[in-house]
Every structure is written in structure tokens, then in C-alpha cells.
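To start, the structure under review is shown below, and the notes come after it.
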Amino acid sequence: MRPLFLLLLGAASLAAQPFSFGLKGGVPLTDFIDTVGNNPTLSAIEHPKRYIVGPEFELRLPWGFAVEVDVLYRRLDYEVVPATAAAVGTSLVTSNDWEFPALLKYRFASKGPVRPYVGAGVAFDRLQGLTDTITSAVAGQLKNPGTVGAVAEGGVDIHFLFLHIAPEIRYTRWTSQHFNLANVLSSNQNQAEFLVGITF
């Protein structure tokens with residue numbers, strides 16, 4: 001009985017601290033690459049990786065406010081291939097995509113364990129380890145290895161024992177594209193995600 005009491009006391013002490021950390025993960029609701037499909041000789045095929053994952057850090061402030069910083073990872077993989085038998089040119093692009101959102105959050109007051117919240121901020125996005133295997137002269141897709149965007153989110157914070165479980169919808173509008181190949185593909189500047197954060 002005593003070890004259980006000490007465990008609960010320690011959990012309550014952790015929950016009372018202004019700093020929390022944990023894991024955030026989820027799935028994209030929009031594609032990373034838009035395939036245009038107006039080129040008669042080339043077409044693009046995305047091989048989507050339906051996951052986003054990384055650590056989450058939060059500093060709780062007075063009056064329901066908090067600052068959240070995440071480091072989110074996803075894998076990017078697409079091909080540019082001939083659209084007709086007479087066309088030539090193949091390009092296989094793979095990359096690690098790292099996203100660094102920083103948000104100011106506000107949790108609405110609630111008497112129960114569920115508190116709705118909203119947040120807004122900025123995000124920085126960087127491609128790392130980009131490889132472009134070109135079997136003929138298909139090139140020029142990469143425009144920007146890094147970009148910045150505005151972020152908005154809404155969700156609920158569910159407090160259970162010493163854990164905070166927070167499902168949310170997050171939207172990011174990027175100021176520039178990573179990739180653009182005229183009439184074939186472009187990277188999506190509108191990004192929506194369903195994420196769940198687990199912190200303590």
C-alpha cells in the first residue's frame with residue numbers, strides 16, 4: 001500500500017510542475033505532395049508515409065496559457081516517372097522531413113478532467129538527408145530545403161492521473177514550397193494533421 005501511495009504522490013508532484021514533456025504523434029490529413037497531372041510526358045507518384053511522430057515540450061504559464069515546442073518527424077518518398085512509353089526520365093526522391101512548431105496555447109477553464117484548448121504560432125520545416133536518384137534528365141524539383149509557416153490548432157486536454165492526453169487538429173500554412181516541377185508536382189503549402197500528445 002505504501003509504494004502505491006508514494007507512486008501517486010510522485011505523480012501528483014510531477015503534474016504540479018510548470019514544465020512537462022512527452023510524445024506527440026498522428027497522421028496527416030493532407031498529402032505532402034500535390035500531383036498536378038497536366039504533363040503529357042511525365043507523372044508523379046507519391047508513396048505517402050502516414051505517420052508523424054516526435055517529442056513534445058510544454059511550459060505552463062499562469063491564467064491557462066502555455067508555450068509548446070515540438071520536434072516532429074515524417075518520411076518523404078515520391079517518384080517522377082514517364083507517363084507514356086515514348087517518354088524518358090525517372091527520378092526517385094526520398095528525404096527526412098523535420099518540423100519545429102512553437103505555439104502559444106490557451107486552455108479554457110473547466111471543473112472536470114477535460115479542458116478544451118486552442119493554440120497558434122509558427123513552424124519551421126527542414127528537409128534532411130535528401131536523395132534524388134535520377135536515371136535521366138528529370139531535375140529541378142527542389143526549390144527550398146527549408147520553409148516557415150503559421151500554425152493554428154484546437155483540441156482537448158484530458159487529465160488522467162499524472163498523464164495529459166491531448167487529441168487535436170492542427171493546420172499549418174507554409175510560406176513557400178519545398179518542391180515544384182511545372183505541370184507535374186508541387187509540395188502542398190496547406191498542411192492538416194490529426195495529432196495526439198501524451199505528456200506528464
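Ordering of the C-alpha cells sets the chain letters (A, B, ...); residue numbers start at 1 within each chain; ligands are numbered from 1 in the order shown.
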For this session: Would you please give, as a PyMOL selection string, all residues of range 136-194 of chain A that DSSP assigns to strand (DSSP E or B) based on the backbone?
Result: chain A and resi 142+146-160+163-174+179-181+185-187+190-194
Output file for the residues above (N, CA and C atoms, as an mmCIF file, in the first residue's frame):
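Listed below is the output, selection_5.cif:
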data_model
loop_
_atom_site.group_PDB
_atom_site.id
_atom_site.type_symbol
_atom_site.label_atom_id
_atom_site.label_comp_id
_atom_site.auth_asym_id
_atom_site.auth_seq_id
_atom_site.Cartn_x
_atom_site.Cartn_y
_atom_site.Cartn_z
ATOM 1 N N LEU A 142 13.450 20.418 -56.472
ATOM 2 C CA LEU A 142 13.716 21.042 -55.181
ATOM 3 C C LEU A 142 13.878 22.549 -55.340
ATOM 4 N N GLY A 146 14.247 24.409 -46.807
ATOM 5 C CA GLY A 146 13.594 24.817 -45.572
ATOM 6 C C GLY A 146 12.533 25.861 -45.833
ATOM 7 N N THR A 147 11.530 25.910 -44.963
ATOM 8 C CA THR A 147 10.469 26.898 -45.092
ATOM 9 C C THR A 147 9.896 27.207 -43.711
ATOM 10 N N VAL A 148 9.067 28.233 -43.645
ATOM 11 C CA VAL A 148 8.452 28.639 -42.386
ATOM 12 C C VAL A 148 6.953 28.798 -42.618
ATOM 13 N N GLY A 149 6.152 28.617 -41.572
ATOM 14 C CA GLY A 149 4.706 28.715 -41.737
ATOM 15 C C GLY A 149 4.011 29.163 -40.463
ATOM 16 N N ALA A 150 2.734 29.473 -40.596
ATOM 17 C CA ALA A 150 1.872 29.844 -39.471
ATOM 18 C C ALA A 150 1.037 28.635 -39.063
ATOM 19 N N VAL A 151 0.889 28.419 -37.765
ATOM 20 C CA VAL A 151 0.220 27.233 -37.228
ATOM 21 C C VAL A 151 -0.964 27.637 -36.365
ATOM 22 N N ALA A 152 -2.062 26.879 -36.480
ATOM 23 C CA ALA A 152 -3.209 27.015 -35.587
ATOM 24 C C ALA A 152 -3.681 25.619 -35.203
ATOM 25 N N GLU A 153 -4.205 25.486 -33.989
ATOM 26 C CA GLU A 153 -4.646 24.170 -33.526
ATOM 27 C C GLU A 153 -5.811 24.315 -32.562
ATOM 28 N N GLY A 154 -6.539 23.220 -32.416
ATOM 29 C CA GLY A 154 -7.606 23.135 -31.443
ATOM 30 C C GLY A 154 -7.757 21.701 -30.984
ATOM 31 N N GLY A 155 -8.025 21.517 -29.682
ATOM 32 C CA GLY A 155 -8.149 20.162 -29.171
ATOM 33 C C GLY A 155 -8.684 20.155 -27.753
ATOM 34 N N VAL A 156 -8.572 19.012 -27.107
ATOM 35 C CA VAL A 156 -8.983 18.866 -25.715
ATOM 36 C C VAL A 156 -7.856 18.214 -24.935
ATOM 37 N N ASP A 157 -7.660 18.689 -23.718
ATOM 38 C CA ASP A 157 -6.663 18.132 -22.812
ATOM 39 C C ASP A 157 -7.404 17.287 -21.781
ATOM 40 N N ILE A 158 -7.135 15.985 -21.795
ATOM 41 C CA ILE A 158 -7.779 15.056 -20.873
ATOM 42 C C ILE A 158 -6.765 14.682 -19.795
ATOM 43 N N HIS A 159 -7.038 15.088 -18.558
ATOM 44 C CA HIS A 159 -6.125 14.831 -17.446
ATOM 45 C C HIS A 159 -6.537 13.536 -16.762
ATOM 46 N N PHE A 160 -5.636 12.521 -16.811
ATOM 47 C CA PHE A 160 -5.915 11.222 -16.213
ATOM 48 C C PHE A 160 -4.724 10.843 -15.340
ATOM 49 N N LEU A 163 -1.111 11.806 -16.235
ATOM 50 C CA LEU A 163 -0.953 11.964 -17.685
ATOM 51 C C LEU A 163 -1.891 13.040 -18.215
ATOM 52 N N HIS A 164 -1.451 13.718 -19.276
ATOM 53 C CA HIS A 164 -2.299 14.596 -20.079
ATOM 54 C C HIS A 164 -2.358 14.003 -21.481
ATOM 55 N N ILE A 165 -3.562 13.629 -21.910
ATOM 56 C CA ILE A 165 -3.771 13.069 -23.248
ATOM 57 C C ILE A 165 -4.533 14.110 -24.052
ATOM 58 N N ALA A 166 -3.942 14.555 -25.170
ATOM 59 C CA ALA A 166 -4.491 15.714 -25.877
ATOM 60 C C ALA A 166 -4.626 15.439 -27.372
ATOM 61 N N PRO A 167 -5.803 14.937 -27.816
ATOM 62 C CA PRO A 167 -6.064 14.852 -29.258
ATOM 63 C C PRO A 167 -6.374 16.236 -29.821
ATOM 64 N N GLU A 168 -5.889 16.488 -31.037
ATOM 65 C CA GLU A 168 -6.056 17.824 -31.617
ATOM 66 C C GLU A 168 -6.042 17.763 -33.141
ATOM 67 N N ILE A 169 -6.572 18.813 -33.737
ATOM 68 C CA ILE A 169 -6.442 19.063 -35.168
ATOM 69 C C ILE A 169 -5.514 20.264 -35.327
ATOM 70 N N ARG A 170 -4.496 20.128 -36.183
ATOM 71 C CA ARG A 170 -3.526 21.205 -36.389
ATOM 72 C C ARG A 170 -3.456 21.558 -37.872
ATOM 73 N N TYR A 171 -3.417 22.857 -38.136
ATOM 74 C CA TYR A 171 -3.320 23.351 -39.516
ATOM 75 C C TYR A 171 -2.093 24.251 -39.637
ATOM 76 N N THR A 172 -1.317 24.054 -40.706
ATOM 77 C CA THR A 172 -0.141 24.874 -40.983
ATOM 78 C C THR A 172 -0.221 25.397 -42.407
ATOM 79 N N ARG A 173 0.042 26.685 -42.569
ATOM 80 C CA ARG A 173 0.141 27.302 -43.888
ATOM 81 C C ARG A 173 1.597 27.702 -44.110
ATOM 82 N N TRP A 174 2.276 26.995 -45.036
ATOM 83 C CA TRP A 174 3.672 27.262 -45.323
ATOM 84 C C TRP A 174 3.798 28.435 -46.289
ATOM 85 N N PHE A 179 9.070 21.684 -53.076
ATOM 86 C CA PHE A 179 9.242 21.137 -54.419
ATOM 87 C C PHE A 179 8.267 21.798 -55.393
ATOM 88 N N ASN A 180 8.715 21.927 -56.623
ATOM 89 C CA ASN A 180 7.814 22.382 -57.675
ATOM 90 C C ASN A 180 8.404 21.995 -59.020
ATOM 91 N N LEU A 181 7.702 21.170 -59.745
ATOM 92 C CA LEU A 181 8.065 20.800 -61.110
ATOM 93 C C LEU A 181 6.844 21.077 -61.968
ATOM 94 N N LEU A 185 4.243 18.218 -60.369
ATOM 95 C CA LEU A 185 4.030 18.097 -58.928
ATOM 96 C C LEU A 185 4.410 19.394 -58.238
ATOM 97 N N SER A 186 3.903 19.549 -57.025
ATOM 98 C CA SER A 186 4.305 20.644 -56.140
ATOM 99 C C SER A 186 4.049 20.195 -54.704
ATOM 100 N N SER A 187 4.843 20.712 -53.785
ATOM 101 C CA SER A 187 4.601 20.396 -52.379
ATOM 102 C C SER A 187 3.446 21.251 -51.860
ATOM 103 N N ASN A 190 -0.601 23.875 -47.765
ATOM 104 C CA ASN A 190 -1.625 23.721 -46.727
ATOM 105 C C ASN A 190 -1.474 22.339 -46.107
ATOM 106 N N GLN A 191 -1.235 22.286 -44.805
ATOM 107 C CA GLN A 191 -0.986 21.030 -44.119
ATOM 108 C C GLN A 191 -1.949 20.885 -42.944
ATOM 109 N N ALA A 192 -2.699 19.799 -42.924
ATOM 110 C CA ALA A 192 -3.594 19.490 -41.807
ATOM 111 C C ALA A 192 -3.215 18.142 -41.231
ATOM 112 N N GLU A 193 -3.292 18.028 -39.916
ATOM 113 C CA GLU A 193 -2.886 16.814 -39.226
ATOM 114 C C GLU A 193 -3.815 16.528 -38.055
ATOM 115 N N PHE A 194 -3.998 15.247 -37.775
ATOM 116 C CA PHE A 194 -4.620 14.820 -36.529
ATOM 117 C C PHE A 194 -3.507 14.286 -35.640
#
Exercise. Near range 130-134 of chain A, within 7 Å and counting only C-alpha atoms, which residues show up once chain neighbours fewer than 4 positions away are dropped, as a ChimeraX atom specification?
Worked result: /A:90-96,138
Write the residues of the preceding selection, restricted to C-alpha atoms, as a compact mmCIF listing (two decimals), in the first residue's frame.
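Resulting contents of again.txt:
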# COMPACT_ATOMS: atom_id res chain seq x y z
CA THR A 90 12.71 8.81 -63.92
CA SER A 91 13.51 10.45 -60.59
CA LEU A 92 13.14 8.85 -57.15
CA VAL A 93 13.21 11.37 -54.28
CA THR A 94 13.46 10.41 -50.61
CA SER A 95 14.03 12.67 -47.61
CA ASN A 96 13.59 13.07 -43.88
CA VAL A 138 14.47 14.94 -64.74
For this session: Name the residues of range 4-181 of chain A that fall into helix (DSSP H, G or I) according to DSSP on the backbone, using the chain letters and numbers of this document, as an NGL selection string.
Result: :A and (4-16 or 62-64)
Exercise. How many Å lie between CA of Glu99 in chain A and CA of Gln128 in chain A, rounded to one decimal?
Worked result: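 So the two atoms, CA of Glu99 in chain A and CA of Gln128 in chain A, lie 10.8 Å apart.
For the choices A:Phe108, A:Phe200, A:Phe32, A:Trp98, the atom-to-atom distance to Glu56 in chain A is smallest for A:Phe200 when using only C-alpha atoms.
In this structure, CA of Gln189 in chain A sits 24.6 Å away from CA of Pro40 in chain A.
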Exercise. Any idea what's packed within 9 Å of Val27 in chain A, counting only C-alpha atoms, ignoring anything in its chain fewer than 6 positions away? Could you give it as a ChimeraX atom specification?
Worked result: /A:49-53,193-195
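Remark: for Val71 in chain A, the closest of the candidate residues A:Leu59, A:Ala182, A:Val36, A:Ala102 is A:Ala102 (distances computed over only C-alpha atoms).
The list of residues with at least one atom within 8 Å of Phe65 in chain A, based on only C-alpha atoms and without residues fewer than 2 positions apart in the same chain, reads A:Arg60, A:Leu61, A:Pro62, A:Trp63, A:Val67, A:Leu104, A:Lys105, A:Tyr106, A:Arg107.
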Keeping C-alpha atoms for every residue in the selection just given, could you write it to a file as a compact mmCIF listing (two decimals), in the first residue's frame?
# COMPACT_ATOMS: atom_id res chain seq x y z
CA ARG A 60 2.78 26.06 -18.36
CA LEU A 61 2.14 29.74 -17.70
CA PRO A 62 -0.42 31.50 -15.45
CA TRP A 63 -4.09 32.01 -16.39
CA VAL A 67 4.13 27.51 -24.58
CA LEU A 104 1.23 29.74 -27.54
CA LYS A 105 -1.71 27.75 -26.12
CA TYR A 106 -4.72 28.65 -24.03
CA ARG A 107 -6.68 26.09 -22.02
Problem set entry | Residue nearest Val122 in chain A - candidates A:Ile33, A:Ala109, A:Leu103, A:Ala66, atoms counted: only C-alpha atoms | A:Leu103
For this session: Would you mind telling me which residue in A:Thr41, A:Pro116, A:Ser110, A:His178 lies nearest to Lys143 in chain A when using only C-alpha atoms?
Result: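 Looking only at the distances to Lys143 in chain A, the closest residue turns out to be A:His178.
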For this session: Could you tell me how far CA of Phe162 in chain A lies from CA of Lys24 in chain A, in Å and to one decimal?
Result: 16.5 Å
